[in-house]
>>> print(open('model-v6.cif').read())   # mmCIF, C-alpha atoms; chains and numbers go by the auth columns
data_structure
loop_
_atom_site.group_PDB
_atom_site.id
_atom_site.type_symbol
_atom_site.label_atom_id
_atom_site.label_comp_id
_atom_site.label_asym_id
_atom_site.label_seq_id
_atom_site.Cartn_x
_atom_site.Cartn_y
_atom_site.Cartn_z
_atom_site.B_iso_or_equiv
_atom_site.auth_seq_id
_atom_site.auth_asym_id
ATOM 1 C CA MET A 1 155.077 133.392 77.732 0.00 1 A
ATOM 2 C CA ASP A 2 151.344 132.696 78.042 0.00 2 A
ATOM 3 C CA ALA A 3 151.023 130.224 75.201 0.00 3 A
ATOM 4 C CA GLY A 4 147.274 129.587 75.435 0.00 4 A
ATOM 5 C CA ARG A 5 146.256 133.223 75.291 0.00 5 A
ATOM 6 C CA LEU A 6 148.822 133.918 72.605 0.00 6 A
ATOM 7 C CA ALA A 7 147.311 131.096 70.538 0.00 7 A
ATOM 8 C CA LEU A 8 143.805 132.494 71.005 0.00 8 A
ATOM 9 C CA ARG A 9 144.897 135.959 69.965 0.00 9 A
ATOM 10 C CA GLY A 10 146.960 134.600 67.089 0.00 10 A
ATOM 11 C CA VAL A 11 143.967 132.758 65.636 0.00 11 A
ATOM 12 C CA VAL A 12 140.929 134.889 66.448 0.00 12 A
ATOM 13 C CA GLY A 13 142.546 138.286 65.887 0.00 13 A
ATOM 14 C CA PRO A 14 143.652 137.620 62.294 0.00 14 A
ATOM 15 C CA VAL A 15 140.332 135.913 61.498 0.00 15 A
ATOM 16 C CA MET A 16 138.519 139.065 62.614 0.00 16 A
ATOM 17 C CA VAL A 17 140.866 141.224 60.531 0.00 17 A
ATOM 18 C CA GLY A 18 140.086 138.987 57.560 0.00 18 A
ATOM 19 C CA HIS A 19 136.332 139.350 58.076 0.00 19 A
ATOM 20 C CA GLY A 20 136.673 143.108 58.358 0.00 20 A
ATOM 21 C CA THR A 21 138.794 143.534 55.253 0.00 21 A
ATOM 22 C CA GLN A 22 136.352 141.378 53.280 0.00 22 A
ATOM 23 C CA LYS A 23 133.764 144.076 53.952 0.00 23 A
ATOM 24 C CA LEU A 24 136.067 147.068 53.609 0.00 24 A
ATOM 25 C CA PHE A 25 138.127 146.086 50.571 0.00 25 A
ATOM 26 C CA GLY A 26 136.731 142.843 49.143 0.00 26 A
ATOM 27 C CA TRP A 27 139.885 140.977 50.221 0.00 27 A
ATOM 28 C CA PHE A 28 139.966 137.221 50.935 0.00 28 A
ATOM 29 C CA GLY A 29 136.979 136.519 48.706 0.00 29 A
ATOM 30 C CA GLY A 30 134.849 139.229 50.298 0.00 30 A
ATOM 31 C CA HIS A 31 132.279 141.340 48.502 0.00 31 A
ATOM 32 C CA GLY A 32 133.480 144.810 49.434 0.00 32 A
ATOM 33 C CA PRO A 33 131.394 147.653 50.831 0.00 33 A
ATOM 34 C CA ASP A 34 128.894 147.991 47.982 0.00 34 A
ATOM 35 C CA ALA A 35 127.733 144.370 47.764 0.00 35 A
ATOM 36 C CA THR A 36 127.962 143.906 51.533 0.00 36 A
ATOM 37 C CA GLY A 37 125.968 147.107 51.889 0.00 37 A
ATOM 38 C CA GLY A 38 123.280 145.675 49.640 0.00 38 A
ATOM 39 C CA ALA A 39 123.026 142.610 51.864 0.00 39 A
ATOM 40 C CA PHE A 40 122.876 144.830 54.951 0.00 40 A
ATOM 41 C CA GLU A 41 120.055 146.856 53.364 0.00 41 A
ATOM 42 C CA SER A 42 118.027 143.655 52.991 0.00 42 A
ATOM 43 C CA MET A 43 118.453 143.118 56.758 0.00 43 A
ATOM 44 C CA GLY A 44 117.070 146.576 57.470 0.00 44 A
ATOM 45 C CA LEU A 45 120.469 148.200 58.108 0.00 45 A
ATOM 46 C CA ARG A 46 120.265 151.463 56.184 0.00 46 A
ATOM 47 C CA PRO A 47 122.206 152.925 54.589 0.00 47 A
ATOM 48 C CA GLY A 48 123.760 149.560 53.921 0.00 48 A
ATOM 49 C CA LYS A 49 127.147 150.778 52.773 0.00 49 A
ATOM 50 C CA ARG A 50 127.649 152.865 55.911 0.00 50 A
ATOM 51 C CA HIS A 51 126.788 149.868 58.084 0.00 51 A
ATOM 52 C CA ALA A 52 129.121 147.645 56.061 0.00 52 A
ATOM 53 C CA LEU A 53 131.983 150.097 56.523 0.00 53 A
ATOM 54 C CA ALA A 54 131.289 150.415 60.256 0.00 54 A
ATOM 55 C CA ALA A 55 131.168 146.638 60.737 0.00 55 A
ATOM 56 C CA GLY A 56 134.300 146.161 58.649 0.00 56 A
ATOM 57 C CA ALA A 57 136.170 148.844 60.597 0.00 57 A
ATOM 58 C CA ALA A 58 135.118 147.367 63.949 0.00 58 A
ATOM 59 C CA GLU A 59 136.181 143.854 62.929 0.00 59 A
ATOM 60 C CA THR A 60 139.474 145.014 61.439 0.00 60 A
ATOM 61 C CA ALA A 61 140.433 147.300 64.327 0.00 61 A
ATOM 62 C CA GLY A 62 139.171 144.898 66.989 0.00 62 A
ATOM 63 C CA GLY A 63 141.014 141.997 65.386 0.00 63 A
ATOM 64 C CA ALA A 64 144.252 143.958 65.049 0.00 64 A
ATOM 65 C CA LEU A 65 144.122 145.124 68.670 0.00 65 A
ATOM 66 C CA LEU A 66 143.338 141.599 69.852 0.00 66 A
ATOM 67 C CA THR A 67 146.230 140.160 67.850 0.00 67 A
ATOM 68 C CA LEU A 68 148.637 142.669 69.409 0.00 68 A
ATOM 69 C CA GLY A 69 147.104 142.364 72.853 0.00 69 A
ATOM 70 C CA ALA A 70 146.649 146.136 72.827 0.00 70 A
ATOM 71 C CA LEU A 71 143.736 147.817 74.627 0.00 71 A
ATOM 72 C CA THR A 72 142.142 144.402 74.907 0.00 72 A
ATOM 73 C CA PRO A 73 138.863 145.603 76.473 0.00 73 A
ATOM 74 C CA VAL A 74 138.402 147.983 73.526 0.00 74 A
ATOM 75 C CA ALA A 75 139.072 145.109 71.120 0.00 75 A
ATOM 76 C CA ALA A 76 136.563 142.976 73.024 0.00 76 A
ATOM 77 C CA ALA A 77 133.911 145.717 72.825 0.00 77 A
ATOM 78 C CA ALA A 78 134.401 146.126 69.050 0.00 78 A
ATOM 79 C CA ILE A 79 134.194 142.394 68.401 0.00 79 A
ATOM 80 C CA THR A 80 131.207 142.037 70.727 0.00 80 A
ATOM 81 C CA GLY A 81 129.331 144.846 68.975 0.00 81 A
ATOM 82 C CA VAL A 82 129.632 143.222 65.562 0.00 82 A
ATOM 83 C CA MET A 83 128.759 139.772 66.908 0.00 83 A
ATOM 84 C CA VAL A 84 125.711 141.031 68.814 0.00 84 A
ATOM 85 C CA THR A 85 124.494 142.731 65.639 0.00 85 A
ATOM 86 C CA ALA A 86 124.992 139.523 63.654 0.00 86 A
ATOM 87 C CA ILE A 87 123.029 137.578 66.266 0.00 87 A
ATOM 88 C CA ARG A 88 120.186 140.103 66.398 0.00 88 A
ATOM 89 C CA LYS A 89 119.844 140.719 62.676 0.00 89 A
ATOM 90 C CA VAL A 90 120.696 137.325 61.169 0.00 90 A
ATOM 91 C CA HIS A 91 121.075 134.342 63.468 0.00 91 A
ATOM 92 C CA ILE A 92 118.696 134.587 66.440 0.00 92 A
ATOM 93 C CA LYS A 93 115.709 133.238 64.505 0.00 93 A
ATOM 94 C CA ASN A 94 117.663 130.093 63.612 0.00 94 A
ATOM 95 C CA GLY A 95 118.453 129.003 67.156 0.00 95 A
ATOM 96 C CA PRO A 96 121.934 128.313 68.527 0.00 96 A
ATOM 97 C CA TRP A 97 123.413 125.771 66.128 0.00 97 A
ATOM 98 C CA ALA A 98 125.538 126.822 63.169 0.00 98 A
ATOM 99 C CA THR A 99 124.208 123.869 61.154 0.00 99 A
ATOM 100 C CA ASN A 100 120.887 125.748 61.040 0.00 100 A
ATOM 101 C CA GLY A 101 122.464 129.183 60.528 0.00 101 A
ATOM 102 C CA GLY A 102 122.443 129.835 64.270 0.00 102 A
ATOM 103 C CA TYR A 103 124.535 131.992 66.573 0.00 103 A
ATOM 104 C CA GLU A 104 126.886 129.575 68.356 0.00 104 A
ATOM 105 C CA TYR A 105 130.002 130.936 66.614 0.00 105 A
ATOM 106 C CA ASN A 106 129.087 134.522 67.466 0.00 106 A
ATOM 107 C CA VAL A 107 128.468 133.714 71.133 0.00 107 A
ATOM 108 C CA ALA A 108 131.772 131.828 71.330 0.00 108 A
ATOM 109 C CA LEU A 109 133.635 134.876 70.001 0.00 109 A
ATOM 110 C CA ILE A 110 131.910 137.161 72.517 0.00 110 A
ATOM 111 C CA ALA A 111 132.840 134.798 75.358 0.00 111 A
ATOM 112 C CA LEU A 112 136.444 134.575 74.165 0.00 112 A
ATOM 113 C CA ALA A 113 136.750 138.368 73.889 0.00 113 A
ATOM 114 C CA ALA A 114 135.274 138.816 77.372 0.00 114 A
ATOM 115 C CA ALA A 115 137.630 136.194 78.826 0.00 115 A
ATOM 116 C CA LEU A 116 140.678 137.950 77.372 0.00 116 A
ATOM 117 C CA ALA A 117 139.415 141.300 78.672 0.00 117 A
ATOM 118 C CA GLU A 118 139.175 139.752 82.141 0.00 118 A
ATOM 119 C CA THR A 119 142.447 137.801 82.227 0.00 119 A
ATOM 120 C CA GLY A 120 144.429 140.133 80.004 0.00 120 A
ATOM 121 C CA PRO A 121 146.027 139.113 76.724 0.00 121 A
ATOM 122 C CA GLY A 122 149.048 137.471 78.359 0.00 122 A
ATOM 123 C CA ARG A 123 152.679 137.809 77.355 0.00 123 A
ATOM 124 C CA PRO A 124 153.959 138.948 74.974 0.00 124 A
ATOM 125 C CA SER A 125 151.484 141.760 74.358 0.00 125 A
ATOM 126 C CA VAL A 126 151.255 145.515 74.366 0.00 126 A
ATOM 127 C CA ASP A 127 148.981 145.482 77.406 0.00 127 A
ATOM 128 C CA ALA A 128 151.341 143.276 79.412 0.00 128 A
ATOM 129 C CA ALA A 129 154.185 145.674 78.668 0.00 129 A
ATOM 130 C CA ARG A 130 152.402 149.026 78.866 0.00 130 A
ATOM 131 C CA PHE A 131 149.015 148.607 80.570 0.00 131 A
ATOM 132 C CA PRO A 132 149.304 145.659 82.980 0.00 132 A
ATOM 133 C CA ASN A 133 146.268 146.753 85.019 0.00 133 A
ATOM 134 C CA LEU A 134 143.947 147.041 82.018 0.00 134 A
ATOM 135 C CA ARG A 135 142.191 143.779 82.786 0.00 135 A
ATOM 136 C CA GLY A 136 139.723 142.292 85.216 0.00 136 A
ATOM 137 C CA GLY A 137 136.072 141.391 85.636 0.00 137 A
ATOM 138 C CA ARG A 138 134.805 144.951 85.428 0.00 138 A
ATOM 139 C CA TYR A 139 136.653 145.465 82.131 0.00 139 A
ATOM 140 C CA ALA A 140 135.085 142.310 80.757 0.00 140 A
ATOM 141 C CA LEU A 141 131.599 143.425 81.799 0.00 141 A
ATOM 142 C CA LEU A 142 132.181 146.913 80.414 0.00 142 A
ATOM 143 C CA ALA A 143 133.415 145.481 77.100 0.00 143 A
ATOM 144 C CA VAL A 144 130.342 143.265 76.671 0.00 144 A
ATOM 145 C CA ALA A 145 127.961 146.059 77.753 0.00 145 A
ATOM 146 C CA ALA A 146 129.644 148.602 75.449 0.00 146 A
ATOM 147 C CA GLY A 147 129.489 146.174 72.529 0.00 147 A
ATOM 148 C CA ALA A 148 125.797 145.440 73.092 0.00 148 A
ATOM 149 C CA LEU A 149 124.988 149.138 73.481 0.00 149 A
ATOM 150 C CA GLY A 150 126.989 149.993 70.366 0.00 150 A
ATOM 151 C CA SER A 151 125.094 147.359 68.403 0.00 151 A
ATOM 152 C CA TYR A 152 121.767 148.771 69.545 0.00 152 A
ATOM 153 C CA LEU A 153 122.692 152.380 68.805 0.00 153 A
ATOM 154 C CA ALA A 154 124.154 151.601 65.386 0.00 154 A
ATOM 155 C CA THR A 155 121.221 149.498 64.237 0.00 155 A
ATOM 156 C CA GLU A 156 118.248 151.115 65.947 0.00 156 A
ATOM 157 C CA ARG A 157 119.130 154.759 66.592 0.00 157 A
ATOM 158 C CA PHE A 158 121.478 155.590 63.723 0.00 158 A
ATOM 159 C CA SER A 159 119.870 153.386 61.102 0.00 159 A
ATOM 160 C CA GLU A 160 117.570 155.085 58.627 0.00 160 A
ATOM 161 C CA SER A 161 114.080 153.819 57.949 0.00 161 A
ATOM 162 C CA ALA A 162 113.148 152.367 54.594 0.00 162 A
ATOM 163 C CA PRO A 163 112.295 154.959 51.968 0.00 163 A
ATOM 164 C CA ALA A 164 108.593 155.422 51.345 0.00 164 A
ATOM 165 C CA PRO A 165 107.360 153.886 48.109 0.00 165 A
ATOM 166 C CA GLN A 166 107.113 156.523 45.424 0.00 166 A
ATOM 167 C CA GLU A 167 103.894 157.050 43.539 0.00 167 A
ATOM 168 C CA GLU A 168 103.858 156.784 39.792 0.00 168 A
ATOM 169 C CA PRO A 169 104.268 160.273 38.349 0.00 169 A
ATOM 170 C CA ALA A 170 101.159 161.602 36.709 0.00 170 A
ATOM 171 C CA VAL A 171 101.573 161.298 32.950 0.00 171 A
ATOM 172 C CA PRO A 172 99.706 163.889 30.922 0.00 172 A
ATOM 173 C CA SER A 173 97.233 162.194 28.640 0.00 173 A
ATOM 174 C CA ASP A 174 97.529 162.350 24.897 0.00 174 A
ATOM 175 C CA PRO A 175 95.057 164.992 23.611 0.00 175 A
ATOM 176 C CA ALA A 176 94.403 163.009 20.433 0.00 176 A
ATOM 177 C CA VAL A 177 93.298 159.974 22.463 0.00 177 A
ATOM 178 C CA GLU A 178 91.127 162.129 24.717 0.00 178 A
ATOM 179 C CA ASP A 179 89.468 163.739 21.667 0.00 179 A
ATOM 180 C CA GLU A 180 88.789 160.287 20.177 0.00 180 A
ATOM 181 C CA ARG A 181 87.216 159.066 23.446 0.00 181 A
ATOM 182 C CA ARG A 182 85.081 162.187 23.707 0.00 182 A
ATOM 183 C CA PHE A 183 84.028 161.860 20.043 0.00 183 A
ATOM 184 C CA THR A 184 83.021 158.220 20.605 0.00 184 A
ATOM 185 C CA ARG A 185 80.980 159.141 23.713 0.00 185 A
ATOM 186 C CA ASP A 186 79.351 162.087 21.978 0.00 186 A
ATOM 187 C CA THR A 187 78.298 160.128 18.882 0.00 187 A
ATOM 188 C CA THR A 188 77.023 157.222 20.996 0.00 188 A
ATOM 189 C CA ALA A 189 74.958 159.554 23.120 0.00 189 A
ATOM 190 C CA THR A 190 73.411 161.306 20.082 0.00 190 A
ATOM 191 C CA SER A 191 72.836 158.211 17.885 0.00 191 A
ATOM 192 C CA PRO A 192 69.173 157.512 17.091 0.00 192 A
ATOM 193 C CA ALA A 193 67.757 154.610 19.054 0.00 193 A
ATOM 194 C CA GLY A 194 68.314 151.251 17.434 0.00 194 A
ATOM 195 C CA THR A 195 71.106 152.389 15.094 0.00 195 A
ATOM 196 C CA ALA A 196 74.049 152.152 17.467 0.00 196 A
#
>>> encode(input="model-v6.cif", output="structure tokens")
Amino acid sequence: MDAGRLALRGVVGPVMVGHGTQKLFGWFGGHGPDATGGAFESMGLRPGKRHALAAGAAETAGGALLTLGALTPVAAAAITGVMVTAIRKVHIKNGPWATNGGYEYNVALIALAAALAETGPGRPSVDAARFPNLRGGRYALLAVAAGALGSYLATERFSESAPAPQEEPAVPSDPAVEDERRFTRDTTATSPAGTA
């Protein structure tokens, strides 16, 4: 048994599943797809609900795969994609430290996912039993690159731009008011000098 890697998977995997199901279903004190989607819209991720569902699915699936030690590079790519998006859209402006709303937690999760993709998830795991060669440095690099590319595509290529502000619809004027204005102008224009 590889106790250290099992401990990592047993902690980080379920935490990721929890984060994902907060977005997908509102579980564990989460806000669900509608409210999370509203927050995503404010970050420029449109449509927000679609982005919330995609992030929730990636976290849930990535966390479940990581917990099981199944297709670990795929799990690492999913987790990396969500974390890179969080860094780019929320945390980068705050610097590295979490005390300032920074990205240290996100970077730590990316590093952990890459390390497990390189070393493998250990035993017991699905990969150790079924896919013992699905590990190594190239898998780690591919997982990080795929996650970063997925983040870029999801947020820059498949995100919709903000809707254009709509103009106020033209409201037909009230004929009675127009007649009164015209009457006032006409009488003013025809009044004898000095009597207006």
>>> closest_residue(input="model-v6.cif", among="A:Ala148, A:Val90, A:Ala58, A:Ala129", to="Ile110 of chain A", atoms="only C-alpha atoms")
A:Ala148
>>> resolve_selection(input="model-v6.cif", expression="the PyMOL selection byres ((chain A and resi 149-156) around 10)", output="list of chain:residue names")
A:Gly44, A:Leu45, A:Arg46, A:His51, A:Ala54, A:Ala55, A:Ala77, A:Ala78, A:Thr80, A:Gly81, A:Val82, A:Met83, A:Val84, A:Thr85, A:Ala86, A:Arg88, A:Lys89, A:Ala143, A:Val144, A:Ala145, A:Ala146, A:Gly147, A:Ala148, A:Arg157, A:Phe158, A:Ser159, A:Glu160, A:Ser161
>>> write_last_selection(input="model-v6.cif", atoms="C-alpha atoms", output="JSON list (two decimals), in the frame of the given file")
[["chain", "number", "residue", "atom", "x", "y", "z"],
["A", 44, "GLY", "CA", 117.07, 146.58, 57.47],
["A", 45, "LEU", "CA", 120.47, 148.20, 58.11],
["A", 46, "ARG", "CA", 120.26, 151.46, 56.18],
["A", 51, "HIS", "CA", 126.79, 149.87, 58.08],
["A", 54, "ALA", "CA", 131.29, 150.42, 60.26],
["A", 55, "ALA", "CA", 131.17, 146.64, 60.74],
["A", 77, "ALA", "CA", 133.91, 145.72, 72.82],
["A", 78, "ALA", "CA", 134.40, 146.13, 69.05],
["A", 80, "THR", "CA", 131.21, 142.04, 70.73],
["A", 81, "GLY", "CA", 129.33, 144.85, 68.97],
["A", 82, "VAL", "CA", 129.63, 143.22, 65.56],
["A", 83, "MET", "CA", 128.76, 139.77, 66.91],
["A", 84, "VAL", "CA", 125.71, 141.03, 68.81],
["A", 85, "THR", "CA", 124.49, 142.73, 65.64],
["A", 86, "ALA", "CA", 124.99, 139.52, 63.65],
["A", 88, "ARG", "CA", 120.19, 140.10, 66.40],
["A", 89, "LYS", "CA", 119.84, 140.72, 62.68],
["A", 143, "ALA", "CA", 133.42, 145.48, 77.10],
["A", 144, "VAL", "CA", 130.34, 143.26, 76.67],
["A", 145, "ALA", "CA", 127.96, 146.06, 77.75],
["A", 146, "ALA", "CA", 129.64, 148.60, 75.45],
["A", 147, "GLY", "CA", 129.49, 146.17, 72.53],
["A", 148, "ALA", "CA", 125.80, 145.44, 73.09],
["A", 157, "ARG", "CA", 119.13, 154.76, 66.59],
["A", 158, "PHE", "CA", 121.48, 155.59, 63.72],
["A", 159, "SER", "CA", 119.87, 153.39, 61.10],
["A", 160, "GLU", "CA", 117.57, 155.08, 58.63],
["A", 161, "SER", "CA", 114.08, 153.82, 57.95]]
>>> closest_residue(input="model-v6.cif", among="A:Ala52, A:Glu104, A:Leu8, A:Thr72", to="Gly136 of chain A", atoms="all atoms listed in the file")
A:Thr72
>>> closest_residue(input="model-v6.cif", among="A:His91, A:Ala61, A:Ser125, A:Ala111", to="Val15 of chain A", atoms="all atoms listed in the file")
A:Ala61
>>> residues_near_point(input="model-v6.cif", point="(143.9, 137.3, 78.4)", cutoff="10 Å", atoms="all atoms listed in the file", output="list in words")
Asp2, Gly4, Arg5, Leu6, Leu8, Arg9, Leu66, Gly69, Thr72, Pro73, Leu112, Ala113, Ala114, Ala115, Leu116, Ala117, Glu118, Thr119, Gly120, Pro121, Gly122, Arg123, Ser125, Asp127, Ala128, Arg135 and Gly136 of chain A
>>> build_atoms(input="model-v6.cif", residues="segment 32-60 of chain A", atoms="N, CA and C atoms", output="compact mmCIF listing (two decimals), keeping the file's coordinate frame")
# COMPACT_ATOMS: atom_id res chain seq x y z
N GLY A 32 133.26 143.38 49.41
CA GLY A 32 133.48 144.81 49.43
C GLY A 32 132.29 145.56 50.00
N PRO A 33 132.44 146.88 50.14
CA PRO A 33 131.39 147.65 50.83
C PRO A 33 130.09 147.78 50.06
N ASP A 34 130.14 147.80 48.73
CA ASP A 34 128.89 147.99 47.98
C ASP A 34 128.00 146.76 48.05
N ALA A 35 128.55 145.59 47.73
CA ALA A 35 127.73 144.37 47.76
C ALA A 35 127.36 144.00 49.19
N THR A 36 128.29 144.17 50.13
CA THR A 36 127.96 143.91 51.53
C THR A 36 126.88 144.87 51.99
N GLY A 37 126.99 146.12 51.55
CA GLY A 37 125.97 147.11 51.89
C GLY A 37 124.61 146.72 51.37
N GLY A 38 124.55 146.15 50.17
CA GLY A 38 123.28 145.68 49.64
C GLY A 38 122.67 144.58 50.51
N ALA A 39 123.52 143.67 50.97
CA ALA A 39 123.03 142.61 51.86
C ALA A 39 122.54 143.21 53.18
N PHE A 40 123.28 144.19 53.70
CA PHE A 40 122.88 144.83 54.95
C PHE A 40 121.54 145.56 54.78
N GLU A 41 121.34 146.18 53.62
CA GLU A 41 120.06 146.86 53.36
C GLU A 41 118.90 145.87 53.48
N SER A 42 119.10 144.66 52.95
CA SER A 42 118.03 143.66 52.99
C SER A 42 117.73 143.21 54.41
N MET A 43 118.67 143.44 55.34
CA MET A 43 118.45 143.12 56.76
C MET A 43 117.87 144.30 57.52
N GLY A 44 117.62 145.39 56.81
CA GLY A 44 117.07 146.58 57.47
C GLY A 44 118.12 147.53 58.00
N LEU A 45 119.39 147.32 57.66
CA LEU A 45 120.47 148.20 58.11
C LEU A 45 120.72 149.23 57.01
N ARG A 46 120.19 150.43 57.21
CA ARG A 46 120.26 151.46 56.18
C ARG A 46 120.96 152.70 56.72
N PRO A 47 121.76 153.37 55.90
CA PRO A 47 122.21 152.93 54.59
C PRO A 47 123.19 151.77 54.70
N GLY A 48 123.01 150.80 53.83
CA GLY A 48 123.76 149.56 53.92
C GLY A 48 125.26 149.74 53.83
N LYS A 49 125.70 150.60 52.95
CA LYS A 49 127.15 150.78 52.77
C LYS A 49 127.79 151.34 54.03
N ARG A 50 127.12 152.30 54.66
CA ARG A 50 127.65 152.86 55.91
C ARG A 50 127.75 151.79 56.99
N HIS A 51 126.75 150.95 57.09
CA HIS A 51 126.79 149.87 58.08
C HIS A 51 127.88 148.86 57.75
N ALA A 52 128.07 148.57 56.46
CA ALA A 52 129.12 147.65 56.06
C ALA A 52 130.49 148.20 56.42
N LEU A 53 130.70 149.47 56.18
CA LEU A 53 131.98 150.10 56.52
C LEU A 53 132.21 150.11 58.03
N ALA A 54 131.15 150.40 58.80
CA ALA A 54 131.29 150.42 60.26
C ALA A 54 131.61 149.02 60.79
N ALA A 55 130.90 148.01 60.29
CA ALA A 55 131.17 146.64 60.74
C ALA A 55 132.57 146.20 60.34
N GLY A 56 132.96 146.52 59.10
CA GLY A 56 134.30 146.16 58.65
C GLY A 56 135.38 146.84 59.46
N ALA A 57 135.18 148.12 59.79
CA ALA A 57 136.17 148.84 60.60
C ALA A 57 136.26 148.27 62.00
N ALA A 58 135.11 147.93 62.59
CA ALA A 58 135.12 147.37 63.95
C ALA A 58 135.81 146.01 63.97
N GLU A 59 135.53 145.16 62.98
CA GLU A 59 136.18 143.85 62.93
C GLU A 59 137.68 143.99 62.68
N THR A 60 138.06 144.86 61.77
CA THR A 60 139.47 145.01 61.44
C THR A 60 140.25 145.59 62.62
